[in-house]
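Engineer: Input file: query-v3.cif. Contents: mmCIF, C-alpha atoms and all ligand atoms.
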data_my_file
loop_
_atom_site.label_atom_id
_atom_site.label_comp_id
_atom_site.auth_asym_id
_atom_site.auth_seq_id
_atom_site.Cartn_x
_atom_site.Cartn_y
_atom_site.Cartn_z
CA MET N 1 129.81 100.38 107.30
CA LEU N 2 133.52 99.65 107.79
CA ARG N 3 132.67 96.84 110.15
CA ASN N 4 130.95 95.12 107.21
CA LYS N 5 134.19 94.05 105.66
CA ILE N 6 133.93 90.61 104.03
CA ILE N 7 136.39 88.31 105.75
CA ASN N 8 135.41 84.88 104.51
CA LEU N 9 133.46 83.11 101.78
CA THR N 10 132.55 79.45 102.05
CA VAL N 11 130.85 77.28 99.45
CA ARG N 12 129.32 73.84 99.86
CA ASP N 13 127.92 71.17 97.52
CA VAL N 14 124.39 70.38 98.74
CA ARG N 15 122.27 67.79 96.93
CA PHE N 16 118.78 66.42 97.40
CA PRO N 17 118.02 62.91 96.04
CA THR N 18 114.88 63.99 94.13
CA SER N 19 115.54 61.49 91.31
CA LEU N 20 114.42 58.66 93.60
CA GLU N 21 110.80 59.78 93.11
CA GLN N 22 111.06 61.37 89.64
CA HIS N 23 110.37 64.88 90.98
CA GLY N 24 111.59 67.39 88.43
CA SER N 25 111.79 64.89 85.56
CA ASP N 26 111.33 66.24 82.06
CA ALA N 27 112.10 65.29 78.47
CA MET N 28 115.83 66.03 78.82
CA HIS N 29 116.53 65.78 82.55
CA THR N 30 115.16 62.36 83.35
CA ASP N 31 116.66 61.91 86.81
CA PRO N 32 117.58 65.25 88.41
CA ASP N 33 118.90 65.47 91.95
CA TYR N 34 118.06 69.06 92.83
CA SER N 35 121.23 70.66 94.15
CA VAL N 36 122.92 73.93 94.98
CA ALA N 37 126.34 75.43 95.33
CA TYR N 38 125.63 77.17 98.61
CA VAL N 39 127.62 80.29 99.50
CA VAL N 40 127.95 81.98 102.87
CA ILE N 41 129.74 85.33 103.19
CA GLU N 42 131.02 86.32 106.60
CA THR N 43 131.80 89.87 107.65
CA THR N 44 133.63 91.54 110.49
CA ASN N 45 130.19 92.05 112.00
CA ALA N 46 129.50 88.61 113.48
CA GLU N 47 125.76 89.30 113.29
CA LEU N 48 125.79 89.95 109.57
CA LYS N 49 126.21 87.20 106.98
CA GLY N 50 125.12 86.90 103.36
CA TYR N 51 123.65 83.69 101.93
CA GLY N 52 123.50 82.86 98.25
CA LEU N 53 123.15 79.89 95.96
CA THR N 54 123.04 78.72 92.41
CA PHE N 55 120.96 75.79 91.24
CA THR N 56 122.16 72.58 89.55
CA VAL N 57 120.62 69.16 88.96
CA GLY N 58 123.24 66.97 90.65
CA LYS N 59 126.47 65.84 89.05
CA GLY N 60 128.83 68.68 88.29
CA THR N 61 127.91 70.77 91.31
CA GLU N 62 131.50 70.19 92.45
CA ILE N 63 132.68 72.08 89.34
CA VAL N 64 130.49 75.08 90.22
CA VAL N 65 131.87 74.93 93.77
CA CYS N 66 135.37 75.02 92.32
CA ALA N 67 134.50 78.07 90.17
CA VAL N 68 133.08 79.90 93.19
CA LYS N 69 136.35 79.26 95.01
CA ALA N 70 138.28 80.62 92.04
CA LEU N 71 136.26 83.86 92.15
CA SER N 72 136.24 84.27 95.93
CA SER N 73 139.50 86.23 96.11
CA LEU N 74 137.74 89.04 94.22
CA VAL N 75 135.20 89.34 97.05
CA VAL N 76 137.03 88.66 100.30
CA GLY N 77 138.69 91.75 101.76
CA ARG N 78 136.18 94.25 100.32
CA THR N 79 133.60 96.11 102.35
CA LEU N 80 129.92 95.90 101.52
CA GLU N 81 129.89 99.69 101.14
CA GLU N 82 132.73 99.56 98.62
CA ILE N 83 130.88 96.95 96.57
CA VAL N 84 127.44 98.55 96.48
CA SER N 85 128.71 102.08 95.92
CA ASN N 86 130.08 100.85 92.58
CA PHE N 87 128.04 97.72 92.00
CA ARG N 88 128.34 97.99 88.22
CA GLY N 89 132.12 97.98 88.57
CA PHE N 90 132.05 95.06 90.98
CA TYR N 91 129.78 93.09 88.63
CA ARG N 92 132.21 93.71 85.81
CA LEU N 93 135.16 92.73 87.99
CA LEU N 94 133.56 89.33 88.65
CA SER N 95 132.29 88.75 85.12
CA SER N 96 135.27 90.12 83.24
CA ASP N 97 138.39 89.14 85.17
CA GLY N 98 141.13 89.30 82.56
CA GLN N 99 142.08 85.65 82.92
CA MET N 100 138.94 83.94 84.14
CA ARG N 101 136.67 85.44 81.47
CA TRP N 102 138.24 82.97 79.04
CA ILE N 103 136.21 80.17 80.66
CA GLY N 104 133.00 82.16 80.06
CA PRO N 105 132.58 84.93 79.39
CA GLU N 106 129.26 85.37 81.18
CA LYS N 107 128.07 81.86 80.42
CA GLY N 108 128.26 78.32 81.70
CA VAL N 109 129.79 77.27 85.00
CA ILE N 110 131.57 80.56 85.65
CA GLN N 111 128.27 82.45 85.23
CA LEU N 112 126.49 80.09 87.65
CA ALA N 113 129.30 80.72 90.14
CA THR N 114 129.00 84.48 89.63
CA ALA N 115 125.26 84.18 90.34
CA ALA N 116 125.85 82.30 93.60
CA ILE N 117 128.32 84.91 94.85
CA LEU N 118 126.30 87.94 93.78
CA ASN N 119 123.09 86.47 95.19
CA ALA N 120 124.94 86.28 98.53
CA VAL N 121 126.14 89.88 98.19
CA TRP N 122 122.58 91.10 97.47
CA ASP N 123 121.35 89.10 100.45
CA LEU N 124 124.03 90.72 102.59
CA TRP N 125 123.05 94.20 101.39
CA ALA N 126 119.33 93.64 102.02
CA ARG N 127 120.07 92.28 105.50
CA ALA N 128 122.34 95.25 106.27
CA GLU N 129 119.41 97.52 105.32
CA GLY N 130 116.94 95.40 107.32
CA LYS N 131 114.68 94.82 104.29
CA PRO N 132 113.56 91.92 102.15
CA LEU N 133 115.36 92.23 98.82
CA TRP N 134 112.25 93.18 96.81
CA LYS N 135 111.67 96.11 99.18
CA LEU N 136 115.32 97.21 98.97
CA LEU N 137 114.91 97.34 95.18
CA VAL N 138 111.50 99.03 95.22
CA ASP N 139 112.72 101.76 97.59
CA MET N 140 115.97 102.36 95.75
CA ASP N 141 116.49 105.60 93.87
CA PRO N 142 116.16 104.83 90.11
CA ALA N 143 119.57 106.37 89.40
CA GLN N 144 121.18 104.06 91.96
CA LEU N 145 119.40 101.02 90.49
CA ILE N 146 120.74 101.93 87.07
CA ARG N 147 124.26 102.06 88.52
CA CYS N 148 123.95 98.36 89.47
CA ILE N 149 123.55 97.35 85.81
CA ASP N 150 126.30 96.68 83.30
CA PHE N 151 124.90 98.11 80.05
CA ARG N 152 127.83 96.86 78.00
CA TYR N 153 126.56 95.09 74.84
CA ILE N 154 122.90 96.09 75.27
CA THR N 155 122.79 99.82 74.54
CA ASP N 156 121.60 99.13 71.00
CA ALA N 157 118.40 97.79 72.62
CA LEU N 158 118.20 99.79 75.85
CA THR N 159 120.17 102.86 76.85
CA GLU N 160 120.75 103.98 80.42
CA GLN N 161 118.47 106.94 79.82
CA GLU N 162 115.66 104.71 78.50
CA ALA N 163 116.02 102.42 81.51
CA LEU N 164 115.88 105.40 83.84
CA ASP N 165 112.79 106.74 82.06
CA ILE N 166 111.03 103.37 82.48
CA LEU N 167 111.77 103.37 86.23
CA ILE N 168 110.71 106.99 86.70
CA LYS N 169 107.48 106.49 84.75
CA ALA N 170 106.63 103.41 86.85
CA ARG N 171 106.81 105.45 90.04
CA GLU N 172 103.24 106.49 89.32
CA GLY N 173 100.98 104.20 91.33
CA ASN N 174 103.84 102.18 92.83
CA GLN N 175 102.56 102.64 96.36
CA THR N 176 99.15 101.24 95.38
CA ARG N 177 100.78 98.26 93.67
CA GLU N 178 102.95 97.56 96.69
CA GLU N 179 99.89 97.58 98.95
CA GLN N 180 98.08 95.30 96.48
CA MET N 181 100.99 92.82 96.55
CA LEU N 182 101.11 92.83 100.35
CA ARG N 183 97.35 92.16 100.40
CA GLU N 184 96.94 89.69 97.53
CA GLY N 185 100.39 88.45 96.52
CA TYR N 186 101.78 87.81 93.03
CA PRO N 187 99.94 85.26 90.83
CA ALA N 188 101.64 81.88 90.50
CA TYR N 189 101.25 78.75 88.41
CA THR N 190 102.10 75.21 89.38
CA THR N 191 104.41 72.72 87.69
CA SER N 192 104.11 70.17 90.49
CA CYS N 193 101.29 68.10 88.96
CA ALA N 194 102.78 66.88 85.72
CA TRP N 195 106.45 65.95 85.73
CA LEU N 196 107.22 63.62 82.86
CA GLY N 197 108.03 60.66 85.10
CA TYR N 198 104.68 60.75 86.92
CA THR N 199 101.99 58.17 86.16
CA ASP N 200 98.53 59.21 84.94
CA GLN N 201 97.16 58.28 88.33
CA GLN N 202 99.67 60.52 90.11
CA LEU N 203 98.95 63.32 87.66
CA THR N 204 95.18 63.06 88.18
CA GLN N 205 95.52 63.02 91.95
CA LEU N 206 97.94 65.94 92.09
CA CYS N 207 95.84 67.97 89.66
CA SER N 208 92.66 67.47 91.64
CA ASP N 209 94.51 68.39 94.87
CA ALA N 210 95.85 71.55 93.21
CA LEU N 211 92.40 72.54 91.95
CA ALA N 212 91.04 72.10 95.47
CA GLN N 213 93.81 74.39 96.76
CA GLY N 214 92.76 77.12 94.34
CA TRP N 215 95.34 76.74 91.56
CA THR N 216 94.13 77.97 88.16
CA LYS N 217 97.28 77.77 86.02
CA PHE N 218 99.07 74.50 85.26
CA LYS N 219 102.16 73.45 83.36
CA VAL N 220 102.65 70.02 81.78
CA LYS N 221 105.98 68.50 80.73
CA VAL N 222 105.92 67.22 77.15
CA GLY N 223 108.27 66.16 74.39
CA ALA N 224 109.17 62.51 74.86
CA ASP N 225 106.24 60.78 73.16
CA ILE N 226 103.50 62.48 71.16
CA GLN N 227 100.76 60.00 72.05
CA ASP N 228 101.61 60.33 75.76
CA ASP N 229 101.51 64.11 75.44
CA ILE N 230 98.11 64.10 73.76
CA ARG N 231 96.74 61.81 76.46
CA ARG N 232 98.27 63.76 79.37
CA CYS N 233 97.31 67.21 78.05
CA GLY N 234 93.79 65.92 77.33
CA LEU N 235 93.54 64.57 80.87
CA ILE N 236 94.65 67.83 82.44
CA ARG N 237 92.57 70.06 80.16
CA LYS N 238 89.50 67.98 80.97
CA MET N 239 90.17 68.25 84.70
CA ILE N 240 90.92 71.98 84.80
CA GLY N 241 88.09 72.95 82.43
CA PRO N 242 88.09 75.41 79.54
CA ASN N 243 88.83 78.59 81.51
CA ASN N 244 91.91 77.69 83.51
CA ILE N 245 95.31 78.18 81.93
CA LEU N 246 97.54 75.40 80.56
CA MET N 247 101.18 75.69 79.49
CA VAL N 248 103.48 73.03 78.02
CA ASP N 249 107.25 72.65 78.43
CA ALA N 250 109.49 70.56 76.17
CA ASN N 251 112.82 71.35 77.86
CA GLN N 252 114.73 71.72 74.55
CA ARG N 253 113.72 68.35 73.13
CA TRP N 254 112.98 69.16 69.47
CA ASP N 255 114.50 70.45 66.28
CA VAL N 256 112.79 73.54 64.88
CA ALA N 257 110.40 71.97 62.34
CA GLU N 258 109.63 69.12 64.71
CA ALA N 259 108.68 71.65 67.40
CA VAL N 260 106.18 73.36 65.13
CA ALA N 261 104.57 70.06 64.08
CA TRP N 262 104.47 68.63 67.62
CA VAL N 263 103.01 71.74 69.22
CA THR N 264 100.46 72.10 66.42
CA SER N 265 99.21 68.63 67.29
CA LEU N 266 98.67 69.82 70.90
CA ALA N 267 96.84 72.99 69.83
CA GLU N 268 93.40 71.54 70.62
CA PHE N 269 94.33 71.74 74.34
CA ARG N 270 94.96 75.48 73.95
CA PRO N 271 98.30 75.90 75.71
CA LEU N 272 99.20 79.54 76.37
CA TRP N 273 102.84 78.83 75.61
CA ILE N 274 105.33 76.22 74.55
CA GLU N 275 108.40 76.51 76.75
CA GLU N 276 111.92 75.73 75.54
CA PRO N 277 110.84 74.04 72.29
CA THR N 278 114.40 73.69 70.99
CA CYS N 279 118.06 74.42 71.76
CA PRO N 280 118.16 77.33 74.22
CA ASP N 281 120.89 79.06 72.16
CA ASP N 282 118.93 78.99 68.90
CA ILE N 283 117.48 82.49 68.77
CA LEU N 284 116.51 82.37 65.09
CA GLY N 285 115.00 78.91 65.59
CA HIS N 286 112.80 80.32 68.36
CA ALA N 287 111.86 83.21 66.07
CA PHE N 288 110.79 80.74 63.37
CA ILE N 289 108.72 78.73 65.86
CA SER N 290 107.13 81.91 67.27
CA LYS N 291 106.08 83.02 63.82
CA ALA N 292 104.72 79.59 62.89
CA LEU N 293 102.68 79.22 66.08
CA ALA N 294 101.31 82.78 66.25
CA PRO N 295 98.29 82.03 64.00
CA ILE N 296 97.15 79.26 66.38
CA GLY N 297 97.56 81.51 69.43
CA ILE N 298 100.46 79.72 71.12
CA GLY N 299 103.41 81.79 72.35
CA VAL N 300 107.01 80.75 72.92
CA ALA N 301 108.53 81.03 76.40
CA THR N 302 112.18 80.61 77.27
CA GLY N 303 114.96 81.85 79.53
CA GLU N 304 115.88 79.31 82.20
CA GLN N 305 119.00 78.37 80.22
CA CYS N 306 119.50 81.73 78.55
CA HIS N 307 122.85 82.61 79.96
CA ASN N 308 123.11 86.38 79.82
CA ARG N 309 121.48 89.73 78.99
CA VAL N 310 122.92 89.73 75.46
CA MET N 311 120.99 86.60 74.55
CA PHE N 312 117.78 88.03 76.02
CA LYS N 313 118.41 91.17 74.00
CA GLN N 314 118.59 89.19 70.78
CA PHE N 315 115.54 87.05 71.65
CA LEU N 316 113.60 90.30 72.12
CA GLN N 317 115.01 92.00 69.02
CA ALA N 318 114.17 88.95 66.89
CA SER N 319 110.61 88.54 68.33
CA ALA N 320 111.77 85.03 69.23
CA LEU N 321 109.84 84.79 72.51
CA GLN N 322 106.51 86.06 73.81
CA PHE N 323 107.24 85.31 77.49
CA VAL N 324 110.56 86.18 79.18
CA GLN N 325 111.49 83.58 81.77
CA ILE N 326 114.10 85.16 84.00
CA ASP N 327 115.97 82.87 86.36
CA SER N 328 117.60 83.95 89.61
CA CYS N 329 120.64 81.70 89.26
CA ARG N 330 121.38 81.34 85.53
CA VAL N 331 122.47 84.90 84.79
CA GLY N 332 124.57 87.34 86.84
CA SER N 333 122.18 87.67 89.78
CA VAL N 334 120.00 90.71 90.42
CA ASN N 335 122.34 93.02 88.49
CA GLU N 336 121.80 91.23 85.21
CA ASN N 337 118.14 90.44 85.86
CA LEU N 338 117.49 94.17 86.33
CA ALA N 339 118.80 94.69 82.80
CA ILE N 340 116.60 91.87 81.48
CA VAL N 341 113.32 93.01 83.08
CA LEU N 342 113.96 96.56 81.86
CA MET N 343 114.58 95.31 78.31
CA ALA N 344 111.40 93.22 78.51
CA ALA N 345 109.51 96.35 79.57
CA LYS N 346 110.93 98.32 76.65
CA PHE N 347 109.88 95.56 74.20
CA ASN N 348 106.54 95.17 75.98
CA VAL N 349 106.97 91.43 76.56
CA PRO N 350 105.68 89.93 79.83
CA VAL N 351 108.13 88.48 82.36
CA CYS N 352 107.05 85.09 83.77
CA PRO N 353 109.94 83.82 85.93
CA HIS N 354 111.31 80.32 85.91
CA ALA N 355 111.38 78.76 89.37
CA GLY N 356 111.19 75.41 91.13
CA GLY N 357 114.31 73.37 91.68
CA VAL N 358 115.62 74.15 95.11
CA GLY N 359 115.68 77.78 96.23
CA LEU N 360 114.64 79.24 92.87
CA CYS N 361 111.13 80.11 94.09
CA GLU N 362 112.55 81.70 97.23
CA LEU N 363 114.87 83.91 95.18
CA VAL N 364 112.89 84.88 92.10
CA GLN N 365 109.75 85.99 93.93
CA HIS N 366 111.70 89.11 94.97
CA LEU N 367 112.50 89.96 91.36
CA ILE N 368 108.97 89.58 90.05
CA LEU N 369 107.54 91.68 92.88
CA PHE N 370 110.03 94.38 91.93
CA ASP N 371 109.06 94.01 88.26
CA TYR N 372 105.37 94.57 88.99
CA ILE N 373 105.74 97.37 91.53
CA ALA N 374 108.60 99.32 89.95
CA VAL N 375 108.89 98.40 86.26
CA SER N 376 106.04 96.79 84.31
CA ALA N 377 103.04 97.87 86.45
CA SER N 378 101.07 95.08 84.77
CA LEU N 379 99.79 91.61 85.64
CA HIS N 380 98.41 90.91 82.17
CA ASN N 381 99.56 87.47 80.97
CA ARG N 382 102.04 87.37 83.86
CA MET N 383 102.64 84.74 86.49
CA CYS N 384 105.50 83.21 88.39
CA GLU N 385 106.30 79.49 88.37
CA TYR N 386 105.90 77.55 91.60
CA VAL N 387 106.98 74.05 92.50
CA ASP N 388 106.10 72.56 95.82
CA HIS N 389 109.39 70.90 96.75
CA LEU N 390 112.16 71.37 99.30
CA HIS N 391 110.93 74.64 100.82
CA GLU N 392 111.23 73.11 104.29
CA HIS N 393 115.02 73.46 104.09
CA PHE N 394 114.90 77.27 104.10
CA ARG N 395 114.81 79.64 107.02
CA SER N 396 112.32 81.93 105.24
CA PRO N 397 110.41 79.63 102.85
CA THR N 398 107.94 80.89 100.25
CA ASN N 399 104.46 81.65 101.48
CA ILE N 400 101.79 80.72 98.94
CA ARG N 401 98.25 81.90 99.60
CA ASN N 402 95.37 81.38 97.13
CA ALA N 403 97.89 80.39 94.45
CA CYS N 404 99.84 83.64 94.92
CA TYR N 405 103.32 84.37 96.27
CA MET N 406 102.92 86.50 99.40
CA PRO N 407 105.78 89.04 99.63
CA PRO N 408 108.59 87.92 101.93
CA THR N 409 108.96 89.96 105.10
CA ASP N 410 112.29 88.75 106.54
CA PRO N 411 115.35 90.84 105.63
CA GLY N 412 117.47 89.41 102.80
CA PHE N 413 117.02 87.33 99.65
CA SER N 414 115.28 84.32 101.32
CA CYS N 415 117.91 81.73 100.42
CA GLU N 416 119.45 81.01 103.79
CA MET N 417 119.17 77.26 104.33
CA LEU N 418 118.80 75.52 107.65
CA GLU N 419 122.28 74.49 108.76
CA GLU N 420 121.01 71.05 109.72
CA SER N 421 119.65 70.52 106.18
CA VAL N 422 122.91 71.67 104.63
CA GLN N 423 124.96 69.27 106.72
CA LYS N 424 122.65 66.33 106.15
CA HIS N 425 122.57 66.82 102.37
CA GLN N 426 126.16 67.81 101.80
CA PHE N 427 127.66 65.73 98.99
CA PRO N 428 129.17 63.16 99.28
CA ASP N 429 129.60 62.87 103.03
CA GLY N 430 126.27 64.08 104.47
CA GLU N 431 124.08 61.54 106.25
CA VAL N 432 121.53 61.34 103.41
CA TRP N 433 124.15 60.44 100.80
CA LYS N 434 125.99 58.01 103.05
CA ASN N 435 122.71 56.13 103.54
CA ILE N 436 121.96 56.08 99.81
CA ARG N 437 125.43 54.67 99.12
CA LYS N 438 124.88 52.00 101.76
CA GLN N 439 121.59 50.97 100.08
CA ASP N 440 123.29 50.82 96.70
CA LYS N 441 125.83 48.31 97.95
MG MG U 1 111.03 74.82 82.05
#
Starting from the file, give its structure as structure tokens.

Structural biologist:
Amino acid sequence: MLRNKIINLTVRDVRFPTSLEQHGSDAMHTDPDYSVAYVVIETTNAELKGYGLTFTVGKGTEIVVCAVKALSSLVVGRTLEEIVSNFRGFYRLLSSDGQMRWIGPEKGVIQLATAAILNAVWDLWARAEGKPLWKLLVDMDPAQLIRCIDFRYITDALTEQEALDILIKAREGNQTREEQMLREGYPAYTTSCAWLGYTDQQLTQLCSDALAQGWTKFKVKVGADIQDDIRRCGLIRKMIGPNNILMVDANQRWDVAEAVAWVTSLAEFRPLWIEEPTCPDDILGHAFISKALAPIGIGVATGEQCHNRVMFKQFLQASALQFVQIDSCRVGSVNENLAIVLMAAKFNVPVCPHAGGVGLCELVQHLILFDYIAVSASLHNRMCEYVDHLHEHFRSPTNIRNACYMPPTDPGFSCEMLEESVQKHQFPDGEVWKNIRKQDK
């Protein structure tokens, strides 16, 4: 593997003007331009590159790009073999650099940058092995998987031995589950029908299209206006009927007591969960809301802005969530998500990944396939988010069949973008942005 020495790391600011049509709008992010800090790792083997990204919603992507550049000297010059033979050590090197950890640690911009780089390293590894990432993980010896995880700060909730036991126990029936996934795919839900900025007419049309395509699980953005929410949830519940599943997402809009009151007034529409009811850092607030909503059968879901494994640990310890929403770009890549799905398994809480944006569906599908085949062995109350935007910019886009994610087959982590798309959308000088600036003048 000596020829797989990393010789260069580039990072680019790539933005899509989604705010022009209100795609992705919610109660707190009213005009997102879905964006990525896009990383490419080059090796001495010209045939082998690693592609990774982290997701942002527009402004500030240049800061993430800057943080990736600051970390790149820790990556360039190492061989892939050197990294993966001590992946735990390499993770800690990136997340705990003696000087740079001050601007984290393991949170915020530096954590997003770590995710972009490590996603590219995992992509590189999977490509070197000729496997899609989920398959690399599923085939990996449990002891080796454990050696990719930094257990620092979580051993009071999950020890290495417990994690190993979970993986070994889940070996039973894993072959059957893998075959099932290849045949049927992993169940998904759609968020594409009901962004907050959409009109009722748009919502009705998109919902009826989705029903016709076989979707059975739907998420509605709420939180800006209670009367609007009651009307929109009523509209969707009426269209999807009593048996399909509805979830609501407030994107951190409320204070704790307000969340309980607001969600209680939506109870008649029987949402399975309320997502991000309040500040994403407020673990005890989420615990209070969980307890208050339990009698009316509504769970709390969160995770897309939960910045590391320690926070997930506390959410689980405090019974502050009933659905763990892992995100492929918020925490320290696969390494940290392995820790999170194993903790969720220990606490017997279902993992329902956050996705959408740009590239998040492509990435996280690998992690949830791994979770089902090699960790949780359950589909009960589990599903992966899907948003139908921007997949055309990827070399290996998601493949949805009958409202399920079909397992990727191309080697890697599925986040290589088409070079033409990257160039066109590069900020601020790509063709798309030059044209928008011209129109603004
Ligand atoms: Mg959300």

Engineer: Nearest to Cys415 of chain N: which of N:Leu118, N:Leu211, N:Ile326, N:Leu360 is it, counting all atoms listed in the file?

Structural biologist: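 The answer is N:Leu360, which sits nearest to Cys415 of chain N.
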
Engineer: Give as a PyMOL selection string every residue, naming chains and numbers as the document does, that has an atom within 8 Å of (103.9, 100.4, 85.4), counting only C-alpha atoms.

Structural biologist: chain N and resi 169-174+372-378

Engineer: Give me the residues within 6 Å of segment 417-424 of chain N as a PyMOL selection string, counting all atoms listed in the file and dropping any in the same chain fewer than 5 places off.

Structural biologist: chain N and resi 393-395+430-432

Engineer: Residues around (116.6, 82.9, 69.8), cut-off 12 Å, counting all atoms listed in the file - what are they as a ChimeraX atom specification?

Structural biologist: /N:256,276-290,300-303,305-307,310-322,324

Engineer: Residues within 7 Å of Leu369 of chain N, please, as number ranges by chain. Count only C-alpha atoms; anything in the same chain fewer than 4 positions from it doesn't count.

Structural biologist: N: 134, 186, 365, 373

Engineer: Quick check, in Å to one decimal: how far apart do atom CA of Gly185 of chain N and atom CA of Asn402 of chain N lie?

Structural biologist: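 Atom CA of Gly185 of chain N sits 8.7 Å away from atom CA of Asn402 of chain N.
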
Engineer: Tell me, counting all atoms listed in the file, for each residue of chain N within 10 Å of ligand MG 1 (chain U), which pair of atoms is nearest and how far apart they are in Å to one decimal, in rows ordered by chain and increasing number, as a tab-separated table.

Structural biologist:
residue	atom	partner	partner_atom	distance
N:Gly24	CA	U:MG1	MG	9.8
N:Asp26	CA	U:MG1	MG	8.6
N:Thr191	CA	U:MG1	MG	8.9
N:Lys219	CA	U:MG1	MG	9.1
N:Val220	CA	U:MG1	MG	9.7
N:Lys221	CA	U:MG1	MG	8.2
N:Val248	CA	U:MG1	MG	8.7
N:Asp249	CA	U:MG1	MG	5.7
N:Ala250	CA	U:MG1	MG	7.4
N:Asn251	CA	U:MG1	MG	5.7
N:Gln252	CA	U:MG1	MG	8.9
N:Ile274	CA	U:MG1	MG	9.5
N:Glu275	CA	U:MG1	MG	6.2
N:Glu276	CA	U:MG1	MG	6.6
N:Pro277	CA	U:MG1	MG	9.8
N:Ala301	CA	U:MG1	MG	8.8
N:Thr302	CA	U:MG1	MG	7.6
N:Gly303	CA	U:MG1	MG	8.4
N:Glu304	CA	U:MG1	MG	6.6
N:Gln305	CA	U:MG1	MG	8.9
N:Gln325	CA	U:MG1	MG	8.8
N:Pro353	CA	U:MG1	MG	9.9
N:His354	CA	U:MG1	MG	6.7
N:Ala355	CA	U:MG1	MG	8.3
N:Gly356	CA	U:MG1	MG	9.1
N:Glu385	CA	U:MG1	MG	9.2

Engineer: Find the residue from N:Ser85, N:Asn381, N:Thr409, N:Ser328 that sits nearest to Ala188 of chain N; use only C-alpha atoms when measuring.

Structural biologist: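 Result for the nearest residue to Ala188 of chain N: N:Asn381.
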
Engineer: How far is it from atom CA of Leu9 of chain N to atom CA of Ala128 of chain N, in Å with one decimal?

Structural biologist: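 Computing it gives 17.1 Å between the two atoms.
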
Engineer: Between N:Glu81, N:Phe16, N:Ser73, N:Val349, which residue has the minimum interatomic distance to Leu93 of chain N, considering only C-alpha atoms?

Structural biologist: N:Ser73

Engineer: Determine, counting only C-alpha atoms, which protein, DNA and RNA residues have an atom within 12 Å of an atom of Leu71 of chain N; residues of the same chain fewer than 4 positions away are not included. Present the result as a list in words.

Structural biologist: Leu9, Thr10, Val11, Val39, Val64, Val65, Cys66, Ala67, Val75, Val76, Tyr91, Leu93, Leu94, Ser95, Ser96, Asp97, Gln99, Met100, Arg101, Val109, Ile110, Gln111, Leu112, Ala113, Thr114, Ala115, Ala116, Ile117 and Leu118 of chain N

Engineer: What gap, in Å, lies between atom CA of Ile230 of chain N and atom CA of Thr190 of chain N?

Structural biologist: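 These two atoms are separated by 19.6 Å.
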
Engineer: Pick out the residues sitting within 9 Å of Thr43 of chain N, and hand them over as a PyMOL selection string; count only C-alpha atoms, and ignore anything fewer than 2 positions along from it in its own chain.

Structural biologist: chain N and resi 3-8+41+45-50+79-80

Engineer: Kindly provide the residues of segment 289-368 of chain N that approach segment 136-149 of chain N to within 8 Å, each paired with its closest atom pair and their distance in Å to one decimal, based on only C-alpha atoms, listed by chain and increasing number, as a Markdown table.

Structural biologist:
| residue | atom | partner | partner_atom | distance |
| --- | --- | --- | --- | --- |
| N:Asn335 | CA | N:Ile149 | CA | 5.2 |
| N:Glu336 | CA | N:Ile149 | CA | 6.4 |
| N:Leu338 | CA | N:Ile149 | CA | 6.9 |
| N:Ala339 | CA | N:Ile149 | CA | 6.2 |

Engineer: Please, can segment 212-221 of chain N be completed to N, CA and C atoms and returned as a PDB file, in the frame of the given file?

Structural biologist:
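Saved result, selection_26.pdb, follows:
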ATOM      1  N   ALA N 212      91.692  71.896  94.169  1.00  0.00           N
ATOM      2  CA  ALA N 212      91.040  72.100  95.470  1.00  0.00           C
ATOM      3  C   ALA N 212      91.729  73.196  96.268  1.00  0.00           C
ATOM      4  N   GLN N 213      93.061  73.337  96.035  1.00  0.00           N
ATOM      5  CA  GLN N 213      93.810  74.390  96.760  1.00  0.00           C
ATOM      6  C   GLN N 213      93.686  75.753  96.097  1.00  0.00           C
ATOM      7  N   GLY N 214      92.984  75.819  94.971  1.00  0.00           N
ATOM      8  CA  GLY N 214      92.760  77.120  94.340  1.00  0.00           C
ATOM      9  C   GLY N 214      93.672  77.443  93.164  1.00  0.00           C
ATOM     10  N   TRP N 215      94.485  76.466  92.717  1.00  0.00           N
ATOM     11  CA  TRP N 215      95.340  76.740  91.560  1.00  0.00           C
ATOM     12  C   TRP N 215      94.503  76.842  90.292  1.00  0.00           C
ATOM     13  N   THR N 216      94.878  77.777  89.402  1.00  0.00           N
ATOM     14  CA  THR N 216      94.130  77.970  88.160  1.00  0.00           C
ATOM     15  C   THR N 216      95.021  77.908  86.918  1.00  0.00           C
ATOM     16  N   LYS N 217      96.340  77.776  87.139  1.00  0.00           N
ATOM     17  CA  LYS N 217      97.280  77.770  86.020  1.00  0.00           C
ATOM     18  C   LYS N 217      98.235  76.584  86.193  1.00  0.00           C
ATOM     19  N   PHE N 218      98.371  75.777  85.142  1.00  0.00           N
ATOM     20  CA  PHE N 218      99.070  74.500  85.260  1.00  0.00           C
ATOM     21  C   PHE N 218     100.041  74.291  84.112  1.00  0.00           C
ATOM     22  N   LYS N 219     101.213  73.737  84.427  1.00  0.00           N
ATOM     23  CA  LYS N 219     102.160  73.450  83.360  1.00  0.00           C
ATOM     24  C   LYS N 219     102.418  71.940  83.278  1.00  0.00           C
ATOM     25  N   VAL N 220     102.461  71.450  82.028  1.00  0.00           N
ATOM     26  CA  VAL N 220     102.650  70.020  81.780  1.00  0.00           C
ATOM     27  C   VAL N 220     103.960  69.816  81.017  1.00  0.00           C
ATOM     28  N   LYS N 221     104.744  68.853  81.459  1.00  0.00           N
ATOM     29  CA  LYS N 221     105.980  68.500  80.730  1.00  0.00           C
ATOM     30  C   LYS N 221     105.611  67.643  79.526  1.00  0.00           C
TER      31      LYS N 221
END
